[in-house]
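Peer 1: structure-v9.cif is reproduced in full below (mmCIF, C-alpha atoms).
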data_query
#
loop_
_atom_site.label_atom_id
_atom_site.label_comp_id
_atom_site.auth_asym_id
_atom_site.auth_seq_id
_atom_site.Cartn_x
_atom_site.Cartn_y
_atom_site.Cartn_z
CA MET A 1159 -3.64 -31.35 -20.32
CA GLU A 1160 -6.05 -30.89 -23.26
CA LEU A 1161 -8.19 -27.80 -23.73
CA GLN A 1162 -11.40 -29.67 -22.88
CA ASP A 1163 -9.82 -30.92 -19.66
CA ILE A 1164 -8.91 -27.33 -18.80
CA GLN A 1165 -12.50 -26.22 -19.38
CA ALA A 1166 -13.83 -29.02 -17.19
CA LEU A 1167 -11.35 -28.13 -14.45
CA GLN A 1168 -12.25 -24.44 -14.69
CA THR A 1169 -15.92 -25.31 -14.15
CA GLN A 1170 -14.93 -27.39 -11.14
CA VAL A 1171 -12.83 -24.51 -9.73
CA LEU A 1172 -15.65 -22.00 -10.15
CA TRP A 1173 -18.22 -24.27 -8.48
CA ALA A 1174 -15.81 -24.82 -5.59
CA ALA A 1175 -15.23 -21.05 -5.33
CA PHE A 1176 -19.00 -20.50 -5.34
CA ALA A 1177 -19.49 -23.04 -2.53
CA VAL A 1178 -16.71 -21.48 -0.42
CA SER A 1179 -18.15 -17.98 -0.97
CA ALA A 1180 -21.63 -19.18 -0.03
CA ALA A 1181 -20.16 -20.55 3.20
CA PHE A 1182 -18.63 -17.11 3.84
CA GLY A 1183 -22.03 -15.47 3.33
CA ALA A 1184 -23.84 -17.89 5.63
CA ILE A 1185 -21.24 -17.64 8.41
CA ALA A 1186 -21.08 -13.83 8.20
CA GLN A 1187 -24.89 -13.64 8.29
CA ARG A 1188 -25.17 -15.87 11.33
CA THR A 1189 -22.30 -14.43 13.37
CA HIS A 1190 -22.54 -10.70 12.41
CA PHE A 1191 -18.90 -10.85 11.30
CA CYS A 1192 -18.18 -7.28 10.24
CA THR A 1193 -14.97 -5.28 10.05
CA MET A 1194 -16.78 -1.97 10.35
CA GLY A 1195 -18.73 -3.34 13.31
CA ALA A 1196 -15.46 -4.42 14.94
CA ILE A 1197 -14.03 -0.89 14.69
CA SER A 1198 -17.34 0.63 15.74
CA ASP A 1199 -17.59 -1.59 18.83
CA ILE A 1200 -14.17 -0.38 19.98
CA TYR A 1201 -14.93 3.26 19.20
CA ASN A 1202 -18.44 3.33 20.64
CA MET A 1203 -18.22 1.06 23.64
CA GLY A 1204 -14.67 -0.15 24.12
CA SER A 1205 -15.60 -3.74 23.23
CA TRP A 1206 -12.90 -5.73 21.41
CA VAL A 1207 -14.94 -8.92 20.99
CA ARG A 1208 -15.69 -8.48 17.27
CA MET A 1209 -12.11 -7.36 16.61
CA ARG A 1210 -11.00 -10.62 18.22
CA MET A 1211 -13.23 -12.45 15.72
CA TRP A 1212 -11.43 -10.61 12.96
CA GLY A 1213 -7.98 -11.26 14.44
CA MET A 1214 -8.72 -14.95 14.85
CA ALA A 1215 -9.93 -15.19 11.24
CA VAL A 1216 -6.70 -13.57 9.99
CA GLY A 1217 -4.63 -15.88 12.20
CA VAL A 1218 -6.39 -19.04 11.01
CA ALA A 1219 -6.13 -17.96 7.35
CA MET A 1220 -2.42 -17.12 7.78
CA ILE A 1221 -1.55 -20.45 9.36
CA GLY A 1222 -3.61 -22.29 6.73
CA PHE A 1223 -1.94 -20.40 3.88
CA TYR A 1224 1.65 -21.01 4.98
CA ALA A 1225 0.95 -24.59 6.10
CA MET A 1226 -0.29 -25.37 2.58
CA ALA A 1227 2.76 -23.61 1.16
CA TRP A 1228 5.09 -25.65 3.37
CA LEU A 1229 3.33 -28.84 2.24
CA GLY A 1230 3.97 -27.80 -1.36
CA TRP A 1231 0.28 -27.43 -2.25
CA ILE A 1232 0.46 -23.73 -3.19
CA ALA A 1233 3.16 -21.25 -4.26
CA PRO A 1234 2.99 -18.49 -1.61
CA PHE A 1235 4.99 -15.87 -3.49
CA GLU A 1236 2.96 -15.97 -6.71
CA THR A 1237 -0.13 -14.23 -5.38
CA ILE A 1238 -1.42 -10.81 -6.38
CA TYR A 1239 -0.07 -9.61 -3.00
CA SER A 1240 3.53 -10.61 -3.79
CA SER A 1241 4.55 -7.70 -6.00
CA GLY A 1242 7.93 -6.22 -5.12
CA ARG A 1243 6.62 -2.72 -5.81
CA VAL A 1244 5.01 -1.41 -2.62
CA LEU A 1245 2.55 1.35 -3.54
CA TRP A 1246 2.30 2.56 0.04
CA LEU A 1247 0.50 5.84 -0.66
CA SER A 1248 -2.20 4.12 -2.74
CA ALA A 1249 -2.58 1.44 -0.08
CA LEU A 1250 -2.81 3.97 2.76
CA LEU A 1251 -4.98 6.58 1.05
CA GLY A 1252 -7.14 4.03 -0.75
CA GLY A 1253 -7.53 2.09 2.47
CA ALA A 1254 -8.53 5.23 4.36
CA MET A 1255 -11.10 6.10 1.69
CA PHE A 1256 -12.48 2.58 1.86
CA GLY A 1257 -12.65 2.60 5.65
CA PHE A 1258 -14.37 5.99 5.68
CA GLY A 1259 -16.86 4.84 3.06
CA MET A 1260 -17.74 1.58 4.77
CA VAL A 1261 -18.95 3.42 7.87
CA LEU A 1262 -21.26 5.65 5.82
CA ALA A 1263 -22.53 2.73 3.74
CA SER A 1264 -23.42 0.42 6.68
CA GLY A 1265 -20.51 -1.94 6.07
CA CYS A 1266 -17.74 -2.96 3.70
CA GLY A 1267 -18.11 -4.79 0.38
CA SER A 1268 -18.64 -8.22 1.89
CA LYS A 1269 -21.14 -6.87 4.45
CA THR A 1270 -22.97 -5.16 1.59
CA LEU A 1271 -23.38 -8.52 -0.16
CA VAL A 1272 -24.48 -10.18 3.09
CA ARG A 1273 -27.03 -7.42 3.67
CA ILE A 1274 -28.39 -7.87 0.13
CA GLY A 1275 -28.97 -11.51 1.04
CA GLU A 1276 -30.82 -10.34 4.17
CA GLY A 1277 -33.17 -8.22 2.05
CA SER A 1278 -31.52 -4.78 2.21
CA LEU A 1279 -32.41 -2.66 -0.80
CA LYS A 1280 -30.06 0.00 0.62
CA SER A 1281 -27.18 -2.40 0.13
CA LEU A 1282 -28.35 -3.20 -3.39
CA VAL A 1283 -27.97 0.51 -4.20
CA VAL A 1284 -24.56 0.51 -2.47
CA PHE A 1285 -23.55 -2.48 -4.61
CA PHE A 1286 -24.42 -0.72 -7.90
CA VAL A 1287 -22.75 2.56 -6.92
CA MET A 1288 -19.67 0.84 -5.49
CA GLY A 1289 -19.35 -1.37 -8.58
CA PHE A 1290 -19.62 1.70 -10.82
CA ALA A 1291 -16.98 3.60 -8.82
CA ALA A 1292 -14.70 0.56 -8.76
CA TYR A 1293 -15.02 0.17 -12.53
CA ALA A 1294 -14.12 3.84 -13.04
CA SER A 1295 -11.07 3.31 -10.83
CA MET A 1296 -10.00 0.23 -12.76
CA ARG A 1297 -10.49 1.50 -16.30
CA GLY A 1298 -11.86 5.02 -16.22
CA MET A 1299 -11.51 8.54 -14.89
CA THR A 1300 -10.53 7.82 -11.29
CA GLY A 1301 -8.26 5.06 -12.53
CA LEU A 1302 -6.36 7.58 -14.61
CA LEU A 1303 -6.17 9.90 -11.63
CA ARG A 1304 -4.84 7.07 -9.46
CA SER A 1305 -2.21 5.99 -11.99
CA ARG A 1306 -0.97 9.58 -12.38
CA THR A 1307 -0.84 10.42 -8.68
CA THR A 1308 -0.72 7.94 -5.78
CA ASP A 1309 0.48 4.99 -7.87
CA LEU A 1310 3.65 6.95 -8.69
CA VAL A 1311 4.70 6.87 -5.03
CA GLY A 1312 6.26 3.67 -3.76
CA PHE A 1313 9.38 1.70 -3.11
CA ASP A 1314 10.75 -1.64 -4.21
CA ILE A 1315 11.45 -4.79 -2.26
CA PRO A 1316 13.27 -7.05 -4.72
CA ALA A 1317 12.26 -10.24 -2.88
CA GLY A 1318 8.56 -9.25 -2.83
CA SER A 1319 6.05 -7.73 -0.43
CA PRO A 1320 5.30 -10.78 1.80
CA ALA A 1321 7.37 -10.63 5.00
CA PRO A 1322 8.67 -14.22 4.68
CA ALA A 1323 10.03 -13.41 1.20
CA TRP A 1324 12.16 -10.42 2.26
CA LEU A 1325 13.04 -11.82 5.67
CA SER A 1326 14.31 -15.09 4.23
CA ALA A 1327 16.24 -13.17 1.56
CA ALA A 1328 17.84 -10.99 4.25
CA MET A 1329 18.63 -13.85 6.63
CA GLY A 1330 19.45 -16.50 4.05
CA THR A 1331 16.83 -18.91 5.39
CA ASP A 1332 14.40 -21.18 3.55
CA PRO A 1333 11.41 -19.04 2.46
CA LEU A 1334 8.79 -21.75 3.07
CA ALA A 1335 10.09 -22.63 6.53
CA THR A 1336 10.36 -18.91 7.34
CA GLY A 1337 6.79 -18.43 6.15
CA LEU A 1338 5.44 -21.24 8.32
CA ALA A 1339 7.42 -20.07 11.35
CA LEU A 1340 6.19 -16.48 10.96
CA ALA A 1341 2.60 -17.62 10.37
CA LEU A 1342 2.69 -19.74 13.51
CA LEU A 1343 4.16 -16.83 15.46
CA VAL A 1344 1.92 -14.03 14.16
CA GLY A 1345 -1.17 -16.06 13.26
CA GLY A 1346 -0.88 -18.18 16.38
CA GLY A 1347 -0.47 -14.99 18.40
CA LEU A 1348 -3.67 -13.55 16.94
CA VAL A 1349 -5.60 -16.75 17.68
CA ALA A 1350 -4.22 -16.83 21.24
CA TRP A 1351 -5.11 -13.13 21.71
CA ALA A 1352 -8.69 -13.83 20.61
CA LEU A 1353 -9.05 -16.88 22.84
CA ALA A 1354 -7.54 -15.12 25.85
CA ASP A 1355 -10.80 -13.24 26.41
CA ALA A 1356 -13.43 -15.15 28.37
CA GLU A 1357 -16.32 -13.22 26.81
CA PHE A 1358 -15.07 -14.13 23.34
CA ARG A 1359 -14.65 -17.80 24.25
CA GLY A 1360 -18.12 -17.86 25.78
CA SER A 1361 -19.91 -17.54 22.47
CA ALA A 1362 -19.99 -20.31 19.87
CA ASP A 1363 -20.75 -17.71 17.20
CA ASN A 1364 -17.51 -15.87 17.95
CA LEU A 1365 -15.53 -19.07 17.55
CA LEU A 1366 -17.47 -19.98 14.41
CA ALA A 1367 -16.71 -16.56 12.90
CA GLY A 1368 -12.99 -16.75 13.70
CA LEU A 1369 -12.47 -20.35 12.64
CA GLY A 1370 -15.06 -20.36 9.87
CA ILE A 1371 -14.12 -17.14 8.07
CA GLY A 1372 -10.40 -17.90 8.45
CA GLY A 1373 -11.03 -21.42 7.16
CA VAL A 1374 -12.98 -20.05 4.18
CA ILE A 1375 -10.05 -17.83 3.18
CA ALA A 1376 -7.62 -20.75 3.46
CA ALA A 1377 -10.02 -22.94 1.48
CA MET A 1378 -10.18 -20.34 -1.28
CA TRP A 1379 -6.38 -20.28 -1.46
CA TRP A 1380 -6.49 -24.06 -1.94
CA VAL A 1381 -9.20 -23.85 -4.61
CA ILE A 1382 -7.36 -21.26 -6.71
CA GLY A 1383 -3.73 -22.03 -5.79
CA HIS A 1384 -3.88 -25.83 -5.88
CA LEU A 1385 -7.01 -27.07 -7.62
CA GLY A 1386 -6.95 -24.30 -10.23
CA PHE A 1387 -3.21 -24.30 -10.95
CA VAL A 1388 -2.20 -25.34 -14.46
CA ALA A 1389 1.55 -25.57 -15.07
CA GLU A 1390 1.19 -25.08 -18.82
CA HIS A 1391 -1.98 -23.83 -20.43
CA PRO A 1392 -2.36 -25.42 -23.90
CA GLU A 1393 -3.22 -22.06 -25.52
CA THR A 1394 -0.60 -19.79 -23.93
CA LEU A 1395 1.98 -22.43 -22.92
CA GLU A 1396 2.31 -20.51 -19.65
CA ALA A 1397 1.43 -21.35 -16.06
CA THR A 1398 -1.92 -19.98 -14.95
CA TYR A 1399 -4.51 -20.06 -12.19
CA LEU A 1400 -7.90 -21.00 -13.63
CA GLY A 1401 -10.86 -18.83 -12.82
CA THR A 1402 -8.83 -15.70 -12.06
CA ALA A 1403 -9.19 -12.50 -14.06
CA GLY A 1404 -5.46 -12.01 -14.62
CA GLY A 1405 -4.06 -15.52 -14.33
CA ARG A 1406 -2.44 -14.79 -10.96
CA MET A 1407 -3.16 -16.55 -7.68
CA GLN A 1408 -5.72 -14.82 -5.49
CA ALA A 1409 -8.43 -15.53 -2.92
CA LEU A 1410 -11.58 -13.72 -1.81
CA SER A 1411 -11.92 -10.00 -2.52
CA PHE A 1412 -14.96 -7.90 -3.32
CA THR A 1413 -14.30 -4.41 -4.70
CA SER A 1414 -13.01 -5.20 -8.19
CA PRO A 1415 -15.26 -8.27 -8.37
CA MET A 1416 -18.32 -6.03 -7.92
CA ALA A 1417 -17.22 -4.03 -10.97
CA ARG A 1418 -16.50 -7.24 -12.88
CA THR A 1419 -19.92 -8.60 -11.94
CA LEU A 1420 -21.67 -5.51 -13.34
CA ASP A 1421 -19.49 -5.74 -16.46
CA TRP A 1422 -20.24 -9.46 -16.84
CA VAL A 1423 -23.99 -8.90 -16.59
CA MET A 1424 -24.08 -5.83 -18.84
CA SER A 1425 -21.83 -7.19 -21.58
CA TYR A 1426 -22.93 -10.82 -21.46
CA ASP A 1427 -23.23 -12.21 -24.98
CA GLY A 1428 -23.61 -15.89 -24.18
CA ASN A 1429 -19.86 -16.53 -24.11
CA ALA A 1430 -18.47 -14.20 -21.44
CA ALA A 1431 -16.35 -16.29 -19.10
CA LEU A 1432 -17.16 -16.37 -15.42
CA THR A 1433 -14.35 -15.57 -13.02
CA LEU A 1434 -13.64 -16.22 -9.36
CA GLY A 1435 -14.69 -12.67 -8.44
CA VAL A 1436 -18.07 -12.87 -10.14
CA VAL A 1437 -18.99 -16.26 -8.68
CA SER A 1438 -17.82 -15.04 -5.25
CA VAL A 1439 -20.19 -12.07 -5.38
CA PHE A 1440 -23.13 -14.33 -6.24
CA GLY A 1441 -21.96 -16.95 -3.74
CA VAL A 1442 -21.89 -14.60 -0.74
CA VAL A 1443 -25.34 -13.18 -1.55
CA ILE A 1444 -26.87 -16.63 -2.01
CA GLY A 1445 -25.18 -18.04 1.12
CA ALA A 1446 -26.45 -15.13 3.23
CA LEU A 1447 -29.91 -15.33 1.64
CA ALA A 1448 -30.18 -19.07 2.31
CA TYR A 1449 -29.19 -18.63 5.95
CA ALA A 1450 -31.44 -15.59 6.46
CA LEU A 1451 -34.41 -17.52 5.07
CA ALA A 1452 -33.55 -20.57 7.17
CA ASN A 1453 -33.38 -18.60 10.43
CA ARG A 1454 -36.29 -16.33 9.41
CA SER A 1455 -34.27 -13.13 9.68
CA PHE A 1456 -34.84 -12.10 6.06
CA GLN A 1457 -36.65 -8.78 5.84
CA TRP A 1458 -36.93 -6.09 3.20
CA GLU A 1459 -35.22 -2.84 4.16
CA GLY A 1460 -35.21 0.57 2.48
CA PHE A 1461 -33.62 3.95 3.13
CA HIS A 1462 -34.54 5.91 6.25
CA GLY A 1463 -34.59 9.28 4.52
CA THR A 1464 -32.65 11.70 2.35
CA GLN A 1465 -29.61 11.90 4.61
CA ASP A 1466 -29.46 8.14 4.94
CA THR A 1467 -29.61 7.77 1.14
CA ALA A 1468 -26.93 10.40 0.56
CA LEU A 1469 -24.56 8.92 3.13
CA HIS A 1470 -24.88 5.44 1.63
CA ILE A 1471 -24.22 6.73 -1.90
CA VAL A 1472 -21.20 8.78 -0.80
CA GLY A 1473 -19.93 5.81 1.21
CA ALA A 1474 -20.29 3.49 -1.77
CA LEU A 1475 -18.36 5.91 -4.00
CA PHE A 1476 -15.55 6.12 -1.44
CA MET A 1477 -15.46 2.34 -1.11
CA GLY A 1478 -15.35 1.74 -4.87
CA VAL A 1479 -12.56 4.25 -5.53
CA GLY A 1480 -10.69 3.48 -2.31
CA GLY A 1481 -10.93 -0.30 -2.63
CA VAL A 1482 -9.40 -0.34 -6.11
CA THR A 1483 -6.76 2.26 -5.18
CA ALA A 1484 -5.73 0.24 -2.12
CA GLY A 1485 -5.64 -2.98 -4.13
CA GLY A 1486 -8.42 -4.57 -2.11
CA CYS A 1487 -11.02 -4.25 0.62
CA THR A 1488 -11.33 -5.52 4.19
CA VAL A 1489 -11.46 -9.06 2.79
CA GLY A 1490 -9.10 -8.62 -0.20
CA GLN A 1491 -6.29 -6.74 1.52
CA GLY A 1492 -7.56 -7.49 5.02
CA LEU A 1493 -8.12 -11.25 5.27
CA SER A 1494 -6.65 -12.61 2.01
CA GLY A 1495 -3.73 -10.17 1.80
CA LEU A 1496 -2.81 -10.29 5.49
CA SER A 1497 -2.84 -14.09 5.36
CA THR A 1498 0.17 -13.83 3.01
CA LEU A 1499 1.88 -11.41 5.46
CA SER A 1500 2.15 -8.84 2.68
CA LEU A 1501 3.56 -5.47 3.72
CA THR A 1502 1.25 -3.67 1.27
CA SER A 1503 -1.75 -5.37 2.89
CA MET A 1504 -0.61 -4.24 6.34
CA ILE A 1505 -0.43 -0.63 5.13
CA ALA A 1506 -3.85 -0.90 3.46
CA VAL A 1507 -5.43 -2.35 6.62
CA ALA A 1508 -3.93 0.46 8.71
CA GLY A 1509 -5.52 2.91 6.26
CA ILE A 1510 -8.89 1.14 6.51
CA MET A 1511 -8.81 1.37 10.31
CA LEU A 1512 -7.91 5.07 10.27
CA GLY A 1513 -10.59 5.81 7.68
CA GLY A 1514 -13.11 3.83 9.70
CA VAL A 1515 -12.45 5.91 12.80
CA ALA A 1516 -12.76 9.11 10.73
CA GLY A 1517 -16.11 7.87 9.39
CA LEU A 1518 -17.36 7.11 12.90
CA ARG A 1519 -16.32 10.57 14.09
CA LEU A 1520 -18.30 12.09 11.23
CA GLN A 1521 -21.35 9.96 12.07
CA MET A 1522 -21.15 11.02 15.71
CA TRP A 1523 -20.80 14.68 14.70
CA LEU A 1524 -23.89 14.38 12.49
CA ILE A 1525 -25.86 12.81 15.33
CA MET A 1526 -24.73 15.41 17.89
CA ARG A 1527 -25.70 18.19 15.46
CA ASP A 1528 -29.29 16.93 15.13
CA MET B 638 -42.57 0.78 33.52
CA GLN B 639 -42.02 4.51 33.10
CA ILE B 640 -40.07 5.40 29.97
CA ASP B 641 -38.22 8.72 30.30
CA LYS B 642 -37.02 8.94 26.74
CA GLU B 643 -37.70 7.04 23.54
CA ILE B 644 -35.61 6.85 20.38
CA ASP B 645 -36.92 5.78 17.00
CA ALA B 646 -33.97 4.15 15.21
CA ARG B 647 -36.08 2.22 12.72
CA GLY B 648 -34.49 2.00 9.29
CA LEU B 649 -31.02 2.83 10.60
CA ASN B 650 -28.14 0.37 10.46
CA CYS B 651 -25.26 -0.34 12.83
CA PRO B 652 -23.76 1.72 14.42
CA LEU B 653 -26.36 4.52 14.19
CA PRO B 654 -28.98 3.15 16.65
CA LEU B 655 -26.25 2.77 19.27
CA MET B 656 -24.80 6.22 18.60
CA LYS B 657 -28.23 7.80 18.94
CA ALA B 658 -28.72 5.94 22.22
CA LYS B 659 -25.33 7.14 23.49
CA LYS B 660 -26.27 10.73 22.73
CA ALA B 661 -29.61 10.34 24.52
CA ILE B 662 -28.04 8.71 27.57
CA ALA B 663 -25.50 11.52 27.82
CA GLU B 664 -28.44 13.91 28.32
CA MET B 665 -30.27 11.70 30.86
CA HIS B 666 -29.88 11.29 34.62
CA SER B 667 -28.91 8.20 36.57
CA GLY B 668 -31.87 5.82 37.03
CA GLN B 669 -33.83 7.16 34.07
CA VAL B 670 -35.10 4.70 31.48
CA LEU B 671 -34.43 4.82 27.74
CA ARG B 672 -36.40 2.82 25.16
CA VAL B 673 -34.94 2.32 21.68
CA VAL B 674 -36.87 0.85 18.76
CA ALA B 675 -34.68 -0.41 15.93
CA THR B 676 -35.04 -2.62 12.87
CA ASP B 677 -31.40 -3.72 12.62
CA SER B 678 -31.15 -7.31 13.86
CA GLY B 679 -27.52 -6.65 14.88
CA SER B 680 -28.81 -4.15 17.44
CA MET B 681 -29.71 -7.03 19.81
CA ARG B 682 -26.07 -7.92 20.18
CA ASP B 683 -24.84 -4.31 20.05
CA PHE B 684 -27.09 -3.02 22.85
CA LEU B 685 -26.40 -5.97 25.10
CA ALA B 686 -22.65 -5.46 24.71
CA TYR B 687 -23.01 -1.69 25.18
CA ALA B 688 -25.04 -2.05 28.37
CA ARG B 689 -22.47 -4.48 29.75
CA GLN B 690 -19.51 -2.31 28.81
CA ALA B 691 -20.99 1.01 29.94
CA GLY B 692 -22.60 -0.33 33.12
CA HIS B 693 -26.21 0.43 32.20
CA GLU B 694 -28.92 -2.04 33.24
CA MET B 695 -30.61 -3.85 30.35
CA LEU B 696 -34.21 -4.06 31.56
CA GLU B 697 -35.74 -5.60 28.47
CA GLN B 698 -34.86 -6.74 24.96
CA GLN B 699 -37.43 -8.17 22.63
CA ASN B 700 -38.10 -8.85 18.98
CA VAL B 701 -41.64 -7.88 17.97
CA GLY B 702 -42.29 -8.56 14.31
CA ARG B 703 -39.70 -6.58 12.38
CA GLU B 704 -38.71 -4.42 15.35
CA TYR B 705 -36.07 -4.87 18.02
CA ILE B 706 -36.86 -3.09 21.28
CA HIS B 707 -34.26 -2.27 23.91
CA VAL B 708 -35.03 -0.78 27.32
CA LEU B 709 -32.09 0.42 29.44
CA ARG B 710 -31.80 2.06 32.82
CA CYS B 711 -28.99 4.64 32.94
CA ARG B 712 -26.27 3.97 35.45
#
Do you think you could lay out the structure here as structure tokens?

Peer 2:
Amino acid sequence: MELQDIQALQTQVLWAAFAVSAAFGAIAQRTHFCTMGAISDIYNMGSWVRMRMWGMAVGVAMIGFYAMAWLGWIAPFETIYSSGRVLWLSALLGGAMFGFGMVLASGCGSKTLVRIGEGSLKSLVVFFVMGFAAYASMRGMTGLLRSRTTDLVGFDIPAGSPAPAWLSAAMGTDPLATGLALALLVGGGLVAWALADAEFRGSADNLLAGLGIGGVIAAMWWVIGHLGFVAEHPETLEATYLGTAGGRMQALSFTSPMARTLDWVMSYDGNAALTLGVVSVFGVVIGALAYALANRSFQWEGFHGTQDTALHIVGALFMGVGGVTAGGCTVGQGLSGLSTLSLTSMIAVAGIMLGGVAGLRLQMWLIMRD
Amino acid sequence: MQIDKEIDARGLNCPLPLMKAKKAIAEMHSGQVLRVVATDSGSMRDFLAYARQAGHEMLEQQNVGREYIHVLRCR
């Protein structure tokens, strides 16, 4: 493949990633798909409906991911979630920080982008602060702190973090068949659990959120892992995934991409290359904006007062630092990572849930104190 | 309709309007009526689900301009 063909393909990949991200934004705007909301509904009223949306989305993405792997369309153990080094403390602590922050900031990274599309100036502030904190955790002060503390704690799984990789190595089975079987078992179980509830089944929006968001994640795996795969790049002579920041296979995620978006805008000199993360950030905002305008739910929104402002800023800082430390957010480690059945992603998601509950307890304490 | 307590949750996002309503309801008696005014569009779904789960009667829910109004009778 010639260099000009690579450039044309990269453009195609980025447009496809933009379209998939816009679909995510529109579906999330319509259905109120929200990880923080799912935890909050359980904590505040014992309703599991939105968590079933989330579970169904993970299940659909998981089955899609390993079905494509079994068909030979994508390489399931070459993703950013496949590392054999499991940084469990970073995943757990970072996840908890992220979960705590998302409650204070009215939602996680993806919800922040959706809210921007709905006209929330609060979320625009959260975006800038979260992007700043994420950047500092990637390349700056909190990044140094992370690399010298939590990142030093971990263990190795020679076969890699995804469960099918280490299970097939332990049992001597075919990794792709093991992956598909596990995805059908776990992912199918999550879908069945969601559909078992009559209240969940009774709403088309719930089904749209579960199938649509899960489908979007699977579609992004196809865009990057199949459409964007180049076996030998003419410049490096190495295999690469076009559109990614590090040349490794990935899907939707929002914490690091927010930092990369700020970096792209601030350092743009006419030649700065767009990446999957940057187009995803714009895609989600534009998808949510288009849907909010179409259903006339767009409305400008500002801060309620000093406490509201402070809580959003603190939440955004926690999300930026925590998201990078954990290696992803509710979508990065949550939907994309869990779809690969990565052990690190499972630890990060557990951290996000625990942090979310801690954040809700703080919110309730603040309200009771007033 | 007699409103016994009113909460202004305008400008607050999920889950704060609901948490404020929970606190208010905890201080109210059975049969009393709570009115909540919010600006978060997600509150329509949240309050309906909360009323159903907690057993309160949802007397009224309406969208007036940029506001979402919820009226509940405590169980």

Peer 1: Need to verify the contact set: stretch 1232-1249 of chain A, 7 Å, all atoms listed in the file, exclusion of same-chain residues closer than 3 positions in sequence. Can you return it as a ChimeraX atom specification?

Peer 2: /A:1226-1227,1252-1253,1308-1309,1311-1320,1383-1384,1406-1408,1483-1485,1495,1500,1502,1505-1506

Peer 1: Separation of atom CA of A:Phe1358 and atom CA of A:Val1207, in Å?

Peer 2: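 Going from atom CA of A:Phe1358 over to atom CA of A:Val1207 covers 5.7 Å.
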
Peer 1: Specify as a list of chain:residue names all residues of chain B found within 7 Å of chain A, counting all atoms listed in the file.

Peer 2: B:Gly648, B:Leu649, B:Asn650, B:Cys651, B:Pro652, B:Met656, B:Lys657, B:Lys660, B:Gly679, B:Tyr687, B:Gln690, B:Ala691

Peer 1: Measuring atom to atom with all atoms listed in the file, identify which of A:Phe1191, A:Thr1433, A:Gly1509, A:Asp1421 is nearest to B:Arg682.

Peer 2: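 Among the listed residues, the smallest separation from B:Arg682 belongs to A:Phe1191.
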
Peer 1: Determine the nearest neighbour of A:Thr1336 from the options A:Trp1212, A:Ser1411, A:Tyr1224, A:Trp1379, counting all atoms listed in the file.

Peer 2: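 Looking only at the distances to A:Thr1336, the closest residue turns out to be A:Tyr1224.
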
Peer 1: Run the PyMOL selection byres ((chain B and resi 638-647) around 9) mentally over the shown coordinates, then write out the matched residues as a list in words, using the chain letters and numbers from the document.

Peer 2: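 Output from the PyMOL selection byres ((chain B and resi 638-647) around 9), applied to this file: His1462 of chain A; Gly648, Leu649, Asn650, Leu653, Pro654, Leu655, Lys657, Ala658, Ala661, Met665, Gln669, Val670, Leu671, Arg672, Val673, Val674, Ala675, Thr676, Asp677, Glu704, Tyr705 and Val708 of chain B.
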
Peer 1: Report, in Å with one decimal, the straight-line distance from atom CA of A:Ser1503 to atom CA of A:Met1255.

Peer 2: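 Spanning atom CA of A:Ser1503 to atom CA of A:Met1255 is a straight-line distance of 14.8 Å.
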
Peer 1: Looking at B:Ser678, B:Glu694, B:Glu664, B:Ala686, which one is nearest to B:Cys711, with distances taken over only C-alpha atoms?

Peer 2: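 Of all the options, B:Glu694 lies closest to B:Cys711.
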
Peer 1: Identify which of the residues A:Ser1268, A:Leu1303, A:Phe1223, A:Gly1480 lies closest to A:Ser1438, counting only C-alpha atoms when measuring atom-to-atom distances.

Peer 2: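 Ranking A:Ser1268, A:Leu1303, A:Phe1223, A:Gly1480 by distance to A:Ser1438, first place goes to A:Ser1268.
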
Peer 1: Report as a list in words all protein, DNA and RNA residues lying within 7 Å of B:Met695, evaluated on all atoms listed in the file, omitting residues in the same chain fewer than 3 positions from it.

Peer 2: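 So, after excluding close chain neighbours, the residues are Ala688, Val708, Leu709 and Arg710 of chain B.
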
Peer 1: Would you save the residues from that selection as a compact mmCIF listing (two decimals), in the coordinates of the input, using C-alpha atoms?

Peer 2:
# COMPACT_ATOMS: atom_id res chain seq x y z
CA ALA B 688 -25.04 -2.05 28.37
CA VAL B 708 -35.03 -0.78 27.32
CA LEU B 709 -32.09 0.42 29.44
CA ARG B 710 -31.80 2.06 32.82

Peer 1: Distance atom CA of A:Ala1180-atom CA of A:Gly1490, one decimal place?

Peer 2: 16.4 Å

Peer 1: Let me know the centre plus edge lengths, in Å and rounded to one decimal, of a box with edges along x, y and z that contains all listed atoms of stretch 1493-1498 of chain A and is padded by 6 Å on every side, as lines of an AutoDock Vina configuration file.

Peer 2:
center_x = -4.0
center_y = -12.1
center_z = 3.6
size_x = 20.3
size_y = 15.9
size_z = 15.7

Peer 1: Could you state which residues are captured by the PyMOL selection byres ((chain A and resi 1271) around 12) in this file, as a PyMOL selection string?

Peer 2: chain A and resi 1179-1180+1182-1184+1186-1187+1192+1263-1270+1272-1286+1288-1289+1411-1413+1415-1416+1438-1447

Peer 1: What does the PyMOL selection byres ((chain A and resi 1361-1370) around 10) select in this file, as a VMD selection string?

Peer 2: chain A and resid 1181 to 1182 1185 to 1192 1207 to 1219 1349 1352 to 1353 1356 to 1360 1371 to 1376

Peer 1: Let me make sure I understand: among A:Trp1231, A:Trp1206, A:Tyr1449, A:Tyr1293, which one has the smallest atom-to-atom distance to A:Val1381 if we use all atoms listed in the file?

Peer 2: A:Trp1231
